[in-house]
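Report on one structure; see the data block that follows.
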Amino acid sequence: MKHLFPVLFLTLLLSSCINRHPEKQELVFIKGATLLNLQDETGAYYDIPRGYLVIKENEIVDFGEFRTGMPVPGHARVIEAEGKFIIPGLIDGFAVLNNQFYANAFLCKGVTTIIGVDGGRRGWFYPEAEPSPDFYMLESVGDEVKTDSAHLKDLKNLHAEGYRMALLKYKLTPDQVSLIRKEAGKLGMGTIGELGYTSYGEGVEAGLDAFVHTTRYSLDVAPEAMRKAVAEQPFSNDLGSPKWRYYQYLYSLDTASRELQRHAATLASGRTFLMPTISLLYADLPGHRNLWNDPVAGILNPADINNPLDRESGKHSYTPEEQENYTKVGLQELKIETVYRRHGCRYLAGSATDVWGTMPGISLHTELELLHRIGLSNREVLSAATSNFSEAFGWKTGKIAKGFEADILILDKNPLENLAHLTSIKHLFNNGREIELAPLLELTLDETLSDGSIVYRKTFDPYGDTAVQRLVFNLPSHNLKPGFSFLKKVEMEEIYYMSDGLRVKAYLAYPKNADHLPVIIYNRGGNREFSKIYPYRVVDILARMASWGYVAVGTQYRGNDGGDGEEEFGGADVNDVLNLFPLLEKLPQADTGRIGMMGKSRGGMMTYLTLMQTDKVKAAVIIGGVTDLQVMNGSRGNEMETYVYRELIPGYDSNKDSLLRIRSAINRVDEICRSCPVLLMHGTADWRVPPEESLHMAAEFQKRKIPYRLVMIEGEDHGLTTRKEESNQFARNWFHRFLVEGEPLPNLEPHGK
């Protein structure tokens with residue numbers, strides 16, 4: 001079981017299925033369209049050629065045949081859909097969502113729900129995309145040999161953290177699989193098997209809901225010694241590894257063999273669905289399309305994708321030997337699945353995004369294409385991406401039925417005639433709210449743009465956020481509190497800008513009708529999604545600084561809050577701060593001759609590292625700043641190394657001393673710009689970053705005559721929580737002295753009486 005990084009999320013904010021749009025929606029009456037793939041009481045499929053559908057908030061409340069003269073519900077929004085076709089939103093049963101671009105791609109391809117996976121090659125899941133498909137998060141149990149009670153504890157912990165899907169893995173014994181399956185059922189969790197010590201026949205007998213990956217759930221046909229070797233070492237790209245020796249055995253297997261026929265009958269004998277994820281090898285099959293030619297691919301960055309396809313050829317950059325092996329496996333998977341299909345196995349659609357070049361949204365459609373290729377009818381393929389998930393896991397989604405979630409696609413063309421028509425989306429409803437698809441494609445990637453270029457910009461409205469409401473309003477009146485009246489005079493924006501070929505998320509605030517004002521760059525603390533610039537921080541930090549008469553801008557750093565790439569905790573992501581300088585040069589509101597910088601916690605580290613590379617910053621404020629990563633790790637019981645350094649710093653385990661040293665400003669004080677006065681503030685009761693870090697930095701500044709002021713606030717915590725007004729005033733005065741008044745640097749030579 002992978003443990004989520006506790007320093008990043010106190011909670012994943014997960015429910016049985018994440019609903020990103022909890023606000024109330026209007027009543028919607030859709031009339032005249034053909035309702036496809038409905039199920040009667042026996043489970044048989046049928047269509048209603050001229051139907052109607054009623055959506056109220058996040059629920060289908062009625063549907064049926066539309067008759068002339070039928071009354072329309074009062075106050076309903078009416079959608080005339082004559083000649084259109086209605087199906088449930090598509091479901092991708094195995095995919096990661098790394099950033100906002102992935103979320104947009106899923107939606108543009110009609111995917112309204114995913115089973116979310118993350119970690120390792122796929123990177124971390126981004127749960128706060130908006131708009132976004134809904135997701136049921138999946139996590140593994142059984143990656144290691146453990147006792148029954150330990151595995152059950154892992155399962156219960158996952159459930160408590162909000163996971164609703166369990167991936168049962170290689171090291172579970174048959175008895176443990178059965179035990180965990182029963183407990184998962186009590187907890188309302190779905191189960192997917194990727195087994196090793198337990199055969200898939202035993203998994204069928206245990207009643208698992210689904211199996212994933214053709215190559216994995218075909219393992220029973222291999223010799224026992226080979227099965228055991230794969231269970232011991234299931235992952236490797238080395239062609240000589242146990243996994244690849246098994247794959248080579250598999251693609252040399254006669255599909256008419258007794259072993260495969262017997263296994264196919266076993267897989268079809270129970271209630272377990274199959275999720276082949278053949279799309280992993282789509283680009284290795286003869287005659288495949290170049291997925292980069294899909295219009296939706298224009299918003300995706302190859303840097304975000306595991307083993308991305310070449311954009312010109314649409315192929316992998318394998319050696320001839322590797323390519324031959326991958327192609328053989330892909331072709332054999334199709335033959336094997338044809339056997340399983342003929343024996344009556346039932347299917348779920350999953351793309352396995354984004355491993356081996358698979359792409360969000362796009363690769364679900366290649367999976368549907370390949371499911372049709374193994375013998376499923378178009379109607380059966382549609383079911384594999386919709387209603388079968390309800391059958392497998394008991395979800396109230398994936399069907400046009402009363403009481404089911406209002407995830408709906410209205411199509412211009414009939415997908416039962418051609419699966420390609422699934423992308424002819426006229427309207428998409430997710431949780432009863434229509435999502436306009438055209439704006440989602442505006443976040444295109446143009447790598448020819450220079451660093452600092454703004455690629456997307458819109459007004460930011462923070463007031464739908466409950467934390468912001470509690471912060472700024474007198475509830476329930478929604479009148480601004482006196483301390484936040486400045487918000488009436490401030491503009492706030494959400495932007496994406498280019499940094500090293502990546503689209504990085506940032507927020508911008510400035511006074512209305514601003515022109516040629518000094519600037520404050522805000523460097524956030526934390527890492528990944530923990531302690532990022534949440535809406536209330538846009539209001540309480542950026543907008544507040546803007547009210548002082550500044551242009552305020554703060555980056556989330558690469559890979560965070562929906563942006564491209566992966567942050568490096570003081571590595572290449574320092575460029576995301578530096579690339580704000582050319583961005584500011586393009587803003588008429590900003591005077592780039594008067595730039596200040598504020599960094600909190602990890603943002604203090606980013607500020608120090610920035611001051612080593614530029615002399616453009618005329619004043620800096622650092623609050624609870626990290627100066628020595630080794631010291632901070634020791635003070636935190638090595639949790640920083642476990643959950644941050646090792647996961648974020650490239651090459652950490654092989655060169656950790658050097659990598660920590662270059663990120664620790666206490667070791668590099670001589671490189672810091674001497675023309676930038678620095679205000680250091682630190683709470684003396686700070687448990688996250690030892691107060692000594694600022695004390696030691698001040699001592700080094702003193703030795704080198706770098707202008708500074710040190711303010712140690714007695715008894716205060718990391719965020720200076722109870723002295724926020726006082727610390728804000730310290731910062732405001734510091735910036736005013738050097739950015740507004742233009743005060744010269746102090747004389748640091750010993751002088752006076």
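Labels used: A, B, ... for chains in the order of the structure tokens, numbers from 1 for residues in each chain, and numbers from 1 for ligands as shown.
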
Go through region 474-508 of chain A and collect every residue that DSSP, computed from the backbone, puts in strand (DSSP E or B); the answer should be as number ranges by chain.
-> A: 474, 479-480, 490-499, 502-508

Would you list the contacts of region 663-668 of chain A as a VMD selection string, taking every protein, DNA or RNA residue within 7 Å and counting only C-alpha atoms, but skipping same-chain residues closer than 4 positions in sequence?
-> chain A and resid 570 605 608 to 609 627 to 629 659 697

Region 553-555 of chain A environment, 8 Å, only C-alpha atoms, sequence neighbours closer than 4 positions dropped, as an NGL selection string = :A and (504-509 or 519-524 or 533 or 542 or 576-577)

Any idea what's packed within 6 Å of region 65-78 of chain A, counting only C-alpha atoms, ignoring anything in its chain fewer than 3 positions away? Could you give it as a PyMOL selection string?
-> chain A and resi 27-30+50-52

CA of Phe460 (chain A) to CA of Glu491 (chain A): how many Å, to one decimal?
->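 One can read the CA of Phe460 (chain A) to CA of Glu491 (chain A) distance as 8.2 Å.
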
Figure out the distance between CA of Val551 (chain A) and CA of Pro518 (chain A), please, to one decimal in Å.
->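 Interatomic distance, CA of Pro518 (chain A) to CA of Val551 (chain A): 6.3 Å.
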
Go through region 164-256 of chain A and collect every residue that DSSP, computed from the backbone, puts in alpha helix (DSSP H); the answer should be as a ChimeraX atom specification.
-> /A:174-187,200-206,214-217,224-232,242-251

Residue subset to file, keeping C-alpha atoms, as an mmCIF file, in the first residue's frame:
data_model
loop_
_atom_site.group_PDB
_atom_site.id
_atom_site.type_symbol
_atom_site.label_atom_id
_atom_site.label_comp_id
_atom_site.auth_asym_id
_atom_site.auth_seq_id
_atom_site.Cartn_x
_atom_site.Cartn_y
_atom_site.Cartn_z
ATOM 1 C CA PRO A 174 -5.980 -16.615 -1.687
ATOM 2 C CA ASP A 175 -7.344 -16.504 1.858
ATOM 3 C CA GLN A 176 -6.335 -12.864 2.192
ATOM 4 C CA VAL A 177 -7.973 -11.950 -1.124
ATOM 5 C CA SER A 178 -11.208 -13.533 0.056
ATOM 6 C CA LEU A 179 -10.951 -11.837 3.461
ATOM 7 C CA ILE A 180 -10.272 -8.389 1.983
ATOM 8 C CA ARG A 181 -13.025 -8.794 -0.607
ATOM 9 C CA LYS A 182 -15.578 -9.465 2.128
ATOM 10 C CA GLU A 183 -14.397 -6.556 4.255
ATOM 11 C CA ALA A 184 -14.379 -4.226 1.232
ATOM 12 C CA GLY A 185 -17.984 -5.235 0.582
ATOM 13 C CA LYS A 186 -18.950 -4.251 4.129
ATOM 14 C CA LEU A 187 -17.217 -0.892 3.671
ATOM 15 C CA TYR A 200 -7.187 -15.315 -11.086
ATOM 16 C CA GLY A 201 -9.361 -18.379 -10.863
ATOM 17 C CA GLU A 202 -9.232 -17.972 -7.098
ATOM 18 C CA GLY A 203 -9.990 -14.280 -7.570
ATOM 19 C CA VAL A 204 -13.132 -15.183 -9.522
ATOM 20 C CA GLU A 205 -14.131 -17.567 -6.740
ATOM 21 C CA ALA A 206 -13.576 -14.810 -4.159
ATOM 22 C CA THR A 214 -4.888 -8.528 -20.109
ATOM 23 C CA THR A 215 -1.283 -9.504 -19.490
ATOM 24 C CA ARG A 216 -1.917 -9.696 -15.756
ATOM 25 C CA TYR A 217 -5.183 -11.625 -15.611
ATOM 26 C CA GLU A 224 3.798 -22.083 -11.874
ATOM 27 C CA ALA A 225 7.458 -21.053 -11.536
ATOM 28 C CA MET A 226 6.924 -18.222 -14.012
ATOM 29 C CA ARG A 227 3.804 -17.025 -12.172
ATOM 30 C CA LYS A 228 5.706 -16.953 -8.896
ATOM 31 C CA ALA A 229 8.616 -15.038 -10.436
ATOM 32 C CA VAL A 230 6.231 -12.390 -11.784
ATOM 33 C CA ALA A 231 4.535 -12.107 -8.394
ATOM 34 C CA GLU A 232 7.929 -11.501 -6.784
ATOM 35 C CA PRO A 242 10.429 -12.090 -15.093
ATOM 36 C CA LYS A 243 7.649 -9.878 -16.405
ATOM 37 C CA TRP A 244 9.018 -9.836 -19.935
ATOM 38 C CA ARG A 245 9.910 -13.512 -19.956
ATOM 39 C CA TYR A 246 6.258 -14.138 -19.119
ATOM 40 C CA TYR A 247 5.108 -11.675 -21.820
ATOM 41 C CA GLN A 248 7.275 -13.506 -24.336
ATOM 42 C CA TYR A 249 5.756 -16.810 -23.234
ATOM 43 C CA LEU A 250 2.316 -15.264 -23.575
ATOM 44 C CA TYR A 251 2.763 -13.990 -27.124
#

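Pairwise distance (CA of Ile595 (chain A), CA of Arg674 (chain A)) equals 15.2 Å.
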
Kindly indicate which residue among A:Ser313, A:Ser694, A:Ser675, A:Ser424 lies nearest to Pro746 (chain A), using only C-alpha atoms for the distances.
-> A:Ser675

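Residues surrounding Gly549 (chain A) within 8 Å are Tyr510, Pro511, Leu517 and Pro518 of chain A [only C-alpha atoms; sequence separation below 6 positions excluded].
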
Val212 (chain A) environment, 8 Å, only C-alpha atoms, sequence neighbours closer than 4 positions dropped, as a list in words =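 Near neighbours after the sequence-gap exclusion: Ile192, Gly193, Glu194, Arg216, Tyr217, Leu274, Met275, Pro276 and Thr277 of chain A.
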
Export of prior selection with C-alpha atoms as a PDB file, in the first residue's frame:
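This is the output file out-v2.pdb:
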ATOM      1  CA  ILE A 192     -10.022  -4.729  -8.666  1.00  0.00           C
ATOM      2  CA  GLY A 193      -7.521  -7.551  -8.817  1.00  0.00           C
ATOM      3  CA  GLU A 194      -3.940  -7.442 -10.094  1.00  0.00           C
ATOM      4  CA  ARG A 216      -1.917  -9.696 -15.756  1.00  0.00           C
ATOM      5  CA  TYR A 217      -5.183 -11.625 -15.611  1.00  0.00           C
ATOM      6  CA  LEU A 274     -12.371  -7.590 -17.228  1.00  0.00           C
ATOM      7  CA  MET A 275     -10.589  -4.298 -17.890  1.00  0.00           C
ATOM      8  CA  PRO A 276      -7.993  -5.086 -20.609  1.00  0.00           C
ATOM      9  CA  THR A 277      -6.309  -1.630 -20.938  1.00  0.00           C
TER      10      THR A 277
END

Any idea what's packed within 7 Å of Asn58 (chain A), counting only C-alpha atoms, ignoring anything in its chain fewer than 6 positions away? Could you give it as an NGL selection string?
-> :A and (405-406 or 431-432)

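When only C-alpha atoms are used to measure the gap to Phe235 (chain A), the shortest distance among A:Asp304, A:Asp143, A:Glu391, A:Asp148 belongs to A:Asp143.
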
Considering only C-alpha atoms, state which residue in the set A:Leu748, A:Ile299, A:Leu710, A:Leu348 is at the smallest distance from Asp209 (chain A).
->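 Counting only C-alpha atoms, the residue closest to Asp209 (chain A) is A:Leu348.
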
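Proximity to Met632 (chain A) was assessed for A:Ala420, A:Leu611, A:Val145, A:Leu660 counting only C-alpha atoms; the smallest distance is recorded for A:Leu660.
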
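The shortest atom-to-atom distance to Tyr643 (chain A), with only C-alpha atoms taken into account, belongs to A:Gly526 out of A:Gly287, A:Gly83, A:Gly526, A:Gly298.
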